[in-house]
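Listing of query.cif, mmCIF, C-alpha atoms and all ligand atoms
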data_data
loop_
_atom_site.label_atom_id
_atom_site.label_comp_id
_atom_site.auth_asym_id
_atom_site.auth_seq_id
_atom_site.Cartn_x
_atom_site.Cartn_y
_atom_site.Cartn_z
CA MET A 1 113.53 129.49 84.13
CA LYS A 2 112.59 126.29 82.40
CA ARG A 3 108.98 125.31 82.53
CA SER A 4 108.55 121.56 82.88
CA LYS A 5 105.93 120.19 80.55
CA SER A 6 103.53 117.81 82.22
CA LYS A 7 103.05 114.59 80.25
CA PRO A 8 99.59 114.35 78.64
CA LYS A 9 97.48 111.74 80.34
CA GLN A 10 96.79 108.52 78.47
CA LYS A 11 93.10 108.46 77.46
CA ILE A 12 91.36 105.14 76.93
CA SER A 13 87.77 104.12 76.34
CA ARG A 14 85.64 102.66 79.11
CA ASP A 15 84.25 100.03 76.74
CA ALA A 16 87.77 98.80 75.92
CA VAL A 17 88.57 98.41 79.62
CA VAL A 18 85.27 96.64 80.31
CA SER A 19 85.66 94.14 77.48
CA PHE A 20 89.29 93.45 78.44
CA LEU A 21 88.25 92.82 82.07
CA ASP A 22 85.24 90.66 81.10
CA LYS A 23 87.46 88.50 78.89
CA THR A 24 90.43 88.27 81.28
CA LEU A 25 88.25 87.45 84.29
CA ARG A 26 85.79 85.20 82.37
CA THR A 27 83.04 87.32 83.91
CA SER A 28 80.05 85.75 82.12
CA GLU A 29 81.23 82.15 82.73
CA ILE A 30 81.37 82.22 86.53
CA GLY A 31 78.06 82.08 88.40
CA ASP A 32 77.92 84.41 91.40
CA SER A 33 75.48 86.23 93.69
CA SER A 34 77.37 89.40 92.70
CA VAL A 35 76.27 90.85 89.38
CA ASN A 36 79.80 91.04 87.99
CA GLY A 37 80.88 93.41 85.25
CA LEU A 38 80.02 97.08 84.65
CA GLN A 39 77.44 97.84 87.36
CA VAL A 40 77.16 101.61 86.91
CA GLU A 41 77.87 103.46 83.66
CA GLY A 42 79.78 106.73 83.83
CA ASN A 43 82.31 108.55 81.63
CA GLN A 44 83.30 106.86 78.35
CA GLU A 45 86.74 108.50 78.48
CA ILE A 46 89.10 107.16 81.13
CA THR A 47 92.44 108.63 82.26
CA LYS A 48 92.66 107.13 85.74
CA ILE A 49 91.22 104.03 87.42
CA GLY A 50 90.74 103.48 91.16
CA LEU A 51 90.91 99.97 92.66
CA ALA A 52 88.98 99.15 95.83
CA VAL A 53 88.08 96.08 97.87
CA ASP A 54 84.62 97.46 98.71
CA ALA A 55 82.32 99.71 96.68
CA CYS A 56 81.48 102.43 99.22
CA LEU A 57 81.08 106.20 99.44
CA GLU A 58 84.52 106.69 100.97
CA ALA A 59 86.18 104.86 98.05
CA TYR A 60 84.16 106.93 95.53
CA ARG A 61 85.15 110.19 97.26
CA LEU A 62 88.79 109.12 97.14
CA ALA A 63 88.35 108.20 93.46
CA GLN A 64 86.90 111.62 92.68
CA LYS A 65 89.67 113.39 94.63
CA ASN A 66 92.27 111.39 92.65
CA GLY A 67 90.66 112.22 89.28
CA CYS A 68 89.40 108.68 88.52
CA GLN A 69 86.57 108.09 86.06
CA MET A 70 86.27 104.43 87.02
CA VAL A 71 86.30 102.35 90.20
CA ILE A 72 86.93 98.61 90.05
CA ALA A 73 85.74 96.92 93.25
CA HIS A 74 85.93 93.34 94.47
CA HIS A 75 82.64 93.72 96.37
CA GLY A 76 80.24 95.72 94.18
CA ILE A 77 76.79 97.09 95.02
CA ILE A 78 74.45 94.78 93.08
CA TRP A 79 73.95 91.30 94.57
CA ASN A 80 71.17 89.03 93.28
CA GLY A 81 69.64 91.96 91.41
CA ILE A 82 68.13 95.19 92.72
CA LYS A 83 65.01 95.07 94.94
CA ASN A 84 64.74 98.81 95.57
CA ILE A 85 66.86 101.96 95.29
CA ARG A 86 66.76 103.44 98.77
CA GLY A 87 69.06 104.42 101.64
CA PRO A 88 72.77 103.61 101.26
CA LEU A 89 72.34 102.19 97.73
CA LEU A 90 70.54 105.37 96.59
CA ARG A 91 73.28 107.57 98.08
CA GLN A 92 76.02 105.51 96.44
CA LEU A 93 74.28 105.54 93.04
CA ASP A 94 73.60 109.26 93.38
CA PHE A 95 77.30 109.95 94.00
CA LEU A 96 78.48 107.73 91.13
CA ILE A 97 75.94 109.08 88.61
CA SER A 98 76.42 112.75 89.59
CA ASN A 99 80.18 112.39 89.20
CA LYS A 100 79.97 110.16 86.09
CA ILE A 101 82.13 107.50 87.76
CA ASN A 102 81.94 103.98 86.26
CA LEU A 103 81.70 101.10 88.73
CA TYR A 104 82.96 97.67 87.69
CA ALA A 105 82.63 94.72 90.08
CA SER A 106 84.48 91.41 90.09
CA HIS A 107 83.78 89.09 93.00
CA LEU A 108 84.28 85.33 92.50
CA PRO A 109 85.93 85.71 89.07
CA LEU A 110 88.68 87.66 90.84
CA ASP A 111 88.82 85.38 93.90
CA LEU A 112 89.54 82.30 91.83
CA HIS A 113 91.60 83.69 88.93
CA PRO A 114 94.73 81.50 88.56
CA THR A 115 97.23 84.41 88.34
CA LEU A 116 95.41 87.61 89.41
CA GLY A 117 93.20 86.14 92.13
CA ASN A 118 93.13 86.73 95.86
CA ASN A 119 93.47 83.02 96.58
CA VAL A 120 96.53 82.34 94.46
CA HIS A 121 98.26 85.35 96.07
CA LEU A 122 97.39 84.04 99.53
CA ALA A 123 98.72 80.55 98.72
CA LYS A 124 101.93 81.97 97.26
CA ALA A 125 102.48 84.35 100.18
CA PHE A 126 102.59 81.31 102.46
CA GLY A 127 104.98 79.50 100.11
CA LEU A 128 102.62 76.56 99.58
CA LYS A 129 103.88 74.00 97.09
CA GLY A 130 102.06 71.52 94.83
CA LEU A 131 98.93 73.66 94.65
CA LYS A 132 95.64 71.89 93.95
CA SER A 133 92.14 73.31 93.66
CA PHE A 134 90.24 73.52 96.96
CA GLY A 135 86.91 74.89 98.18
CA VAL A 136 84.16 73.61 95.88
CA TYR A 137 81.84 76.43 95.02
CA THR A 138 79.59 74.88 92.39
CA ASN A 139 79.76 72.48 89.43
CA GLY A 140 83.46 71.76 89.80
CA VAL A 141 84.31 75.45 90.29
CA HIS A 142 86.81 75.89 93.12
CA LEU A 143 87.62 79.15 94.86
CA GLY A 144 90.85 78.35 96.72
CA PHE A 145 93.90 76.13 96.85
CA GLU A 146 95.49 73.47 99.04
CA GLY A 147 99.17 72.69 99.21
CA THR A 148 102.11 71.71 101.39
CA PHE A 149 104.83 73.66 103.22
CA SER A 150 108.35 72.72 102.17
CA LYS A 151 109.13 72.18 105.87
CA ALA A 152 106.81 72.00 108.87
CA VAL A 153 105.72 75.36 110.38
CA THR A 154 103.98 76.43 113.60
CA LEU A 155 100.67 78.24 113.90
CA GLU A 156 102.40 81.28 115.43
CA SER A 157 104.85 81.53 112.52
CA THR A 158 101.99 81.51 109.99
CA GLY A 159 100.27 84.31 111.95
CA LYS A 160 103.49 86.33 111.92
CA LEU A 161 103.81 85.84 108.18
CA MET A 162 100.18 86.88 107.63
CA LYS A 163 100.79 90.10 109.58
CA GLU A 164 104.00 90.84 107.68
CA LYS A 165 102.61 90.19 104.20
CA PHE A 166 99.04 91.47 104.56
CA GLY A 167 99.40 94.04 107.36
CA SER A 168 96.40 92.63 109.15
CA PRO A 169 95.41 91.83 112.74
CA VAL A 170 95.54 88.04 113.11
CA SER A 171 93.40 85.55 115.05
CA TYR A 172 93.84 81.80 115.55
CA LEU A 173 92.01 78.63 116.48
CA PRO A 174 94.78 76.25 117.69
CA PHE A 175 92.92 72.95 117.39
CA GLY A 176 95.16 71.00 115.00
CA PRO A 177 98.64 69.47 114.95
CA LYS A 178 101.58 71.48 116.39
CA LYS A 179 103.71 70.69 113.35
CA ILE A 180 101.86 72.04 110.34
CA ARG A 181 102.65 70.50 106.96
CA THR A 182 99.54 71.09 104.84
CA ALA A 183 97.23 74.08 104.40
CA ALA A 184 94.17 75.23 102.48
CA VAL A 185 93.43 78.86 101.65
CA ILE A 186 90.20 80.76 101.02
CA SER A 187 90.36 84.56 100.92
CA GLY A 188 87.64 86.68 102.57
CA ARG A 189 85.08 84.70 104.56
CA GLY A 190 86.11 81.05 104.25
CA SER A 191 83.69 79.44 106.71
CA SER A 192 81.79 77.43 104.09
CA ALA A 193 84.95 75.54 103.06
CA LEU A 194 86.18 74.70 106.59
CA ALA A 195 84.38 71.33 106.68
CA GLU A 196 86.08 70.36 103.39
CA ALA A 197 89.48 71.10 104.96
CA VAL A 198 88.55 68.94 108.00
CA GLU A 199 87.41 66.11 105.75
CA LYS A 200 90.69 66.25 103.82
CA LYS A 201 92.64 66.17 107.14
CA ILE A 202 94.44 69.41 106.29
CA ASP A 203 96.57 70.78 109.18
CA LEU A 204 95.82 74.50 108.75
CA PHE A 205 92.97 76.53 107.26
CA ILE A 206 94.05 80.02 106.14
CA THR A 207 91.31 82.59 105.55
CA GLY A 208 90.18 86.18 106.13
CA GLU A 209 87.38 85.68 108.65
CA LEU A 210 85.23 82.90 110.09
CA ILE A 211 81.65 82.96 111.34
CA HIS A 212 80.73 81.98 114.93
CA GLU A 213 79.67 78.43 114.01
CA SER A 214 83.13 77.66 112.60
CA TYR A 215 84.59 77.39 116.13
CA HIS A 216 83.09 73.98 116.88
CA ILE A 217 83.68 72.67 113.37
CA ALA A 218 87.40 73.46 113.85
CA LEU A 219 87.52 72.13 117.43
CA GLU A 220 85.74 68.87 116.67
CA GLY A 221 87.56 68.49 113.35
CA GLY A 222 91.00 68.95 114.96
CA ILE A 223 92.18 71.67 112.57
CA ASN A 224 94.17 74.89 113.10
CA THR A 225 92.90 78.12 111.59
CA VAL A 226 94.54 81.48 111.02
CA CYS A 227 92.48 84.54 110.01
CA GLY A 228 94.07 87.67 108.54
CA GLY A 229 90.94 89.78 107.99
CA HIS A 230 88.42 89.78 105.14
CA TYR A 231 89.59 93.14 103.81
CA HIS A 232 93.32 92.46 104.03
CA THR A 233 93.20 89.05 102.37
CA GLU A 234 91.29 90.54 99.42
CA LYS A 235 93.44 93.57 98.57
CA SER A 236 95.89 91.77 96.32
CA GLY A 237 93.40 90.82 93.58
CA VAL A 238 92.30 94.38 92.76
CA GLN A 239 95.90 95.60 93.14
CA ALA A 240 97.03 93.01 90.57
CA LEU A 241 94.23 94.13 88.22
CA GLY A 242 95.47 97.72 88.58
CA ASP A 243 99.01 96.69 87.60
CA LEU A 244 97.70 94.73 84.63
CA LEU A 245 95.59 97.68 83.35
CA LYS A 246 98.56 100.02 83.74
CA GLU A 247 100.69 97.63 81.69
CA LYS A 248 98.04 96.90 79.03
CA PHE A 249 96.63 100.43 78.49
CA GLY A 250 99.29 102.73 80.00
CA VAL A 251 96.49 104.23 82.13
CA GLU A 252 97.11 105.68 85.60
CA THR A 253 95.78 103.61 88.51
CA VAL A 254 95.46 104.14 92.25
CA PHE A 255 94.57 101.79 95.12
CA LEU A 256 91.72 103.29 97.16
CA ASP A 257 92.58 101.97 100.61
CA VAL A 258 89.48 101.95 102.84
CA PRO A 259 90.03 99.15 105.38
CA THR A 260 87.18 97.67 107.39
CA SER A 261 87.60 96.06 110.81
CA PHE A 262 86.68 92.62 109.39
ZN ZN B 301 85.03 88.98 100.05
#

In structure tokens, what does this structure look like?
Ligand SMILES: [Zn+2]
Amino acid sequence: MKRSKSKPKQKISRDAVVSFLDKTLRTSEIGDSSVNGLQVEGNQEITKIGLAVDACLEAYRLAQKNGCQMVIAHHGIIWNGIKNIRGPLLRQLDFLISNKINLYASHLPLDLHPTLGNNVHLAKAFGLKGLKSFGVYTNGVHLGFEGTFSKAVTLESTGKLMKEKFGSPVSYLPFGPKKIRTAAVISGRGSSALAEAVEKKIDLFITGELIHESYHIALEGGINTVCGGHYHTEKSGVQALGDLLKEKFGVETVFLDVPTSF
């Protein structure tokens, strides 16, 4: 009987991954309430990396089960600094430190990245053409994109497409034109950019979720909205990072799928 030799796992250094990510995502250049970069230091030697939308215990448990020494999350655990280490944060840190799992976070740098970002994937999934920056965040930094459909679409057809491409439950606000020619996209919670879309007379606002107050802004602004879920519209960024790391370092990667109901 022939014994099949298992291929040795590719070992890489944590510091090499961190500096590659910091450079690729321009981590230090983009202001954010998330403290982006390596948030929790674990093993220096990496053979497998887990990608998650949200840093949470369930994702860490999955990472440990899959043999990952690093988790890269879109929503990390340190926002505007640390005020105390209690409750859920303490339990998360305890798990990560006890299991020597590194946690790297990339919030806005990943949202707005021109090729790896959640927003460019969303715009491309809808086939938007002539993409321009949209959704001013600060000092000329934009998070999303606006563009045009090559032929007019309906609100229902965009919802169907969202469900097909992102696997998400869809909700609408049908307050704009029936024939939709232009759209703006913001992944995750796009509420703060809705007024900009109204001002620019865009036909459709595509996002993950909206807050309560957005209803009247959309109604009075005469704009359609389609929401595909915060979680689902922000999976593609970390997945693209996983593919890039696999290609660059030959390291194993796994998507840690822990959907929320948002
Ligand atoms: Zn988000």

So which residues touch His121 of chain A within 12 Å, counting all atoms listed in the file, skipping near sequence neighbours fewer than 2 positions away, as JSON, numbers by chain? {"A": [110, 111, 112, 113, 114, 115, 116, 117, 118, 119, 123, 124, 125, 126, 127, 128, 131, 144, 145, 162, 165, 166, 185, 186, 187, 232, 233, 234, 235, 236, 237, 238, 239, 240]}

What is the distance, in Å and to one decimal place, between atom CA of His212 of chain A and atom CA of Gly81 of chain A?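 Answer for the atom CA of His212 of chain A to atom CA of Gly81 of chain A separation: 27.9 Å.
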
Step by step, measure atom-to-atom distances between ligand ZN 301 (chain B) and each residue using all atoms listed in the file, keep those at most 8 Å, then write them as a ChimeraX atom specification. /A:74-75,107,187-189,230-231,234

Nearest residue to Asn43 of chain A from the set A:Asn99, A:Gln92, A:Asn80, A:Gln10 (distances using all atoms listed in the file):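 So, comparing all the options, the nearest one is A:Asn99.
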
8 Å per side around segment 51-62 of chain A: axis-aligned box centre and edge lengths, as AutoDock Vina command-line options:
--center_x 86.0 --center_y 103.1 --center_z 96.8 --size_x 25.8 --size_y 30.1 --size_z 24.3

Residues proximal to (92.2, 66.7, 109.7) were defined as those with any atom within 9 Å of that point in the file's coordinates, counting all atoms listed in the file. Which are they, as a compact mmCIF listing (two decimals) with C-alpha atoms, in the coordinates of the input?
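Below you can see part10.txt, which holds the result:
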# COMPACT_ATOMS: atom_id res chain seq x y z
CA GLY A 176 95.16 71.00 115.00
CA PRO A 177 98.64 69.47 114.95
CA ALA A 197 89.48 71.10 104.96
CA VAL A 198 88.55 68.94 108.00
CA GLU A 199 87.41 66.11 105.75
CA LYS A 200 90.69 66.25 103.82
CA LYS A 201 92.64 66.17 107.14
CA ILE A 202 94.44 69.41 106.29
CA ASP A 203 96.57 70.78 109.18
CA LEU A 204 95.82 74.50 108.75
CA GLY A 221 87.56 68.49 113.35
CA GLY A 222 91.00 68.95 114.96
CA ILE A 223 92.18 71.67 112.57

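Using all atoms listed in the file, the nearest neighbour of Val141 of chain A within the list A:Ile46, A:Leu103, A:Ala52, A:Leu108 is A:Leu108.
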
Kindly give the distance, in Å, that separates atom CA of Thr260 of chain A and atom CA of Ser34 of chain A, rounded to a single decimal.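 Atom CA of Thr260 of chain A sits 19.5 Å away from atom CA of Ser34 of chain A.
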
Proximity to Gly228 of chain A - best of A:Val170, A:Val136, A:Met70, A:Ile49, all atoms listed in the file: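 Ranked by minimum distance to Gly228 of chain A, first place goes to A:Val170.
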
When you count all atoms listed in the file, which of these residues is closest to Val18 of chain A: A:Leu155, A:Leu90, A:Val120, A:Ala105?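 Looking at the shortest contact to Val18 of chain A, the residue is A:Ala105.
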
Would you compute the distance between atom CA of Ala63 of chain A and atom CA of Ala16 of chain A? Give it in Å to one decimal.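 Separation of atom CA of Ala63 of chain A and atom CA of Ala16 of chain A: 19.9 Å.
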
Considering all atoms listed in the file, can you say which of A:Gly147, A:Ser106, A:Lys100, A:Gly50 comes closest to Val35 of chain A?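 With all atoms listed in the file as the atom set, the closest residue is A:Ser106.
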
Distance criterion (all atoms listed in the file): nearest to Val251 of chain A out of A:Glu45, A:Asp94, A:Glu58, A:Glu209: A:Glu45

Considering all atoms listed in the file, return as a list of chain:residue names whatever protein or nucleic-acid residues lie within 10 Å of Glu156 of chain A, sequence-local ones (same chain, fewer than 6 positions apart) excluded. A:Met162, A:Val170, A:Ser171, A:Tyr172, A:Pro174, A:Lys178, A:Val226

Using the structure just given, write a file holding N, CA and C atoms for segment 59-86 of chain A, as an mmCIF file, in the first residue's frame.
data_model
loop_
_atom_site.group_PDB
_atom_site.id
_atom_site.type_symbol
_atom_site.label_atom_id
_atom_site.label_comp_id
_atom_site.auth_asym_id
_atom_site.auth_seq_id
_atom_site.Cartn_x
_atom_site.Cartn_y
_atom_site.Cartn_z
ATOM 1 N N ALA A 59 -16.006 33.498 15.308
ATOM 2 C CA ALA A 59 -14.991 33.492 14.232
ATOM 3 C C ALA A 59 -13.665 32.969 14.774
ATOM 4 N N TYR A 60 -13.289 33.363 16.019
ATOM 5 C CA TYR A 60 -12.013 32.901 16.586
ATOM 6 C C TYR A 60 -12.048 31.386 16.813
ATOM 7 N N ARG A 61 -13.206 30.889 17.287
ATOM 8 C CA ARG A 61 -13.317 29.432 17.522
ATOM 9 C C ARG A 61 -13.164 28.680 16.214
ATOM 10 N N LEU A 62 -13.807 29.220 15.159
ATOM 11 C CA LEU A 62 -13.684 28.598 13.837
ATOM 12 C C LEU A 62 -12.234 28.645 13.358
ATOM 13 N N ALA A 63 -11.562 29.772 13.629
ATOM 14 C CA ALA A 63 -10.160 29.940 13.227
ATOM 15 C C ALA A 63 -9.309 28.888 13.922
ATOM 16 N N GLN A 64 -9.531 28.701 15.214
ATOM 17 C CA GLN A 64 -8.745 27.742 15.983
ATOM 18 C C GLN A 64 -8.994 26.319 15.468
ATOM 19 N N LYS A 65 -10.271 26.014 15.212
ATOM 20 C CA LYS A 65 -10.645 24.687 14.706
ATOM 21 C C LYS A 65 -9.970 24.407 13.356
ATOM 22 N N ASN A 66 -9.835 25.463 12.548
ATOM 23 C CA ASN A 66 -9.232 25.331 11.213
ATOM 24 C C ASN A 66 -7.710 25.441 11.220
ATOM 25 N N GLY A 67 -7.117 25.615 12.401
ATOM 26 C CA GLY A 67 -5.648 25.698 12.495
ATOM 27 C C GLY A 67 -5.069 27.025 12.038
ATOM 28 N N CYS A 68 -5.827 28.124 12.201
ATOM 29 C CA CYS A 68 -5.317 29.449 11.802
ATOM 30 C C CYS A 68 -4.547 30.090 12.957
ATOM 31 N N GLN A 69 -3.461 30.802 12.606
ATOM 32 C CA GLN A 69 -2.727 31.564 13.615
ATOM 33 C C GLN A 69 -3.042 33.059 13.486
ATOM 34 N N MET A 70 -3.882 33.384 12.502
ATOM 35 C CA MET A 70 -4.200 34.803 12.288
ATOM 36 C C MET A 70 -5.628 34.948 11.774
ATOM 37 N N VAL A 71 -6.327 35.966 12.290
ATOM 38 C CA VAL A 71 -7.646 36.317 11.763
ATOM 39 C C VAL A 71 -7.554 37.738 11.219
ATOM 40 N N ILE A 72 -8.029 37.919 9.996
ATOM 41 C CA ILE A 72 -8.122 39.266 9.428
ATOM 42 C C ILE A 72 -9.606 39.597 9.371
ATOM 43 N N ALA A 73 -9.992 40.678 10.069
ATOM 44 C CA ALA A 73 -11.414 41.028 10.144
ATOM 45 C C ALA A 73 -11.647 42.427 9.596
ATOM 46 N N HIS A 74 -12.806 42.607 8.949
ATOM 47 C CA HIS A 74 -13.174 43.939 8.469
ATOM 48 C C HIS A 74 -13.562 44.833 9.650
ATOM 49 N N HIS A 75 -14.352 44.305 10.570
ATOM 50 C CA HIS A 75 -14.699 45.047 11.795
ATOM 51 C C HIS A 75 -13.891 44.441 12.943
ATOM 52 N N GLY A 76 -12.888 45.171 13.410
ATOM 53 C CA GLY A 76 -12.032 44.670 14.492
ATOM 54 C C GLY A 76 -12.652 44.901 15.857
ATOM 55 N N ILE A 77 -11.804 44.924 16.904
ATOM 56 C CA ILE A 77 -12.346 45.086 18.261
ATOM 57 C C ILE A 77 -11.898 46.390 18.931
ATOM 58 N N ILE A 78 -11.018 47.158 18.281
ATOM 59 C CA ILE A 78 -10.574 48.408 18.911
ATOM 60 C C ILE A 78 -11.024 49.591 18.050
ATOM 61 N N TRP A 79 -11.944 50.376 18.618
ATOM 62 C CA TRP A 79 -12.516 51.542 17.934
ATOM 63 C C TRP A 79 -12.262 52.754 18.824
ATOM 64 N N ASN A 80 -11.642 53.780 18.299
ATOM 65 C CA ASN A 80 -11.345 54.984 19.083
ATOM 66 C C ASN A 80 -10.573 54.667 20.361
ATOM 67 N N GLY A 81 -9.726 53.699 20.331
ATOM 68 C CA GLY A 81 -8.931 53.347 21.513
ATOM 69 C C GLY A 81 -9.679 52.452 22.480
ATOM 70 N N ILE A 82 -8.991 52.063 23.547
ATOM 71 C CA ILE A 82 -9.598 51.161 24.544
ATOM 72 C C ILE A 82 -9.911 51.968 25.807
ATOM 73 N N LYS A 83 -11.151 51.869 26.298
ATOM 74 C CA LYS A 83 -11.529 52.586 27.530
ATOM 75 C C LYS A 83 -11.413 51.668 28.740
ATOM 76 N N ASN A 84 -11.751 50.403 28.559
ATOM 77 C CA ASN A 84 -11.561 49.416 29.625
ATOM 78 C C ASN A 84 -11.495 48.037 28.986
ATOM 79 N N ILE A 85 -11.061 47.049 29.763
ATOM 80 C CA ILE A 85 -11.003 45.675 29.231
ATOM 81 C C ILE A 85 -11.905 44.830 30.110
ATOM 82 N N ARG A 86 -13.178 44.822 29.739
ATOM 83 C CA ARG A 86 -14.191 44.123 30.535
ATOM 84 C C ARG A 86 -15.164 43.420 29.593
#
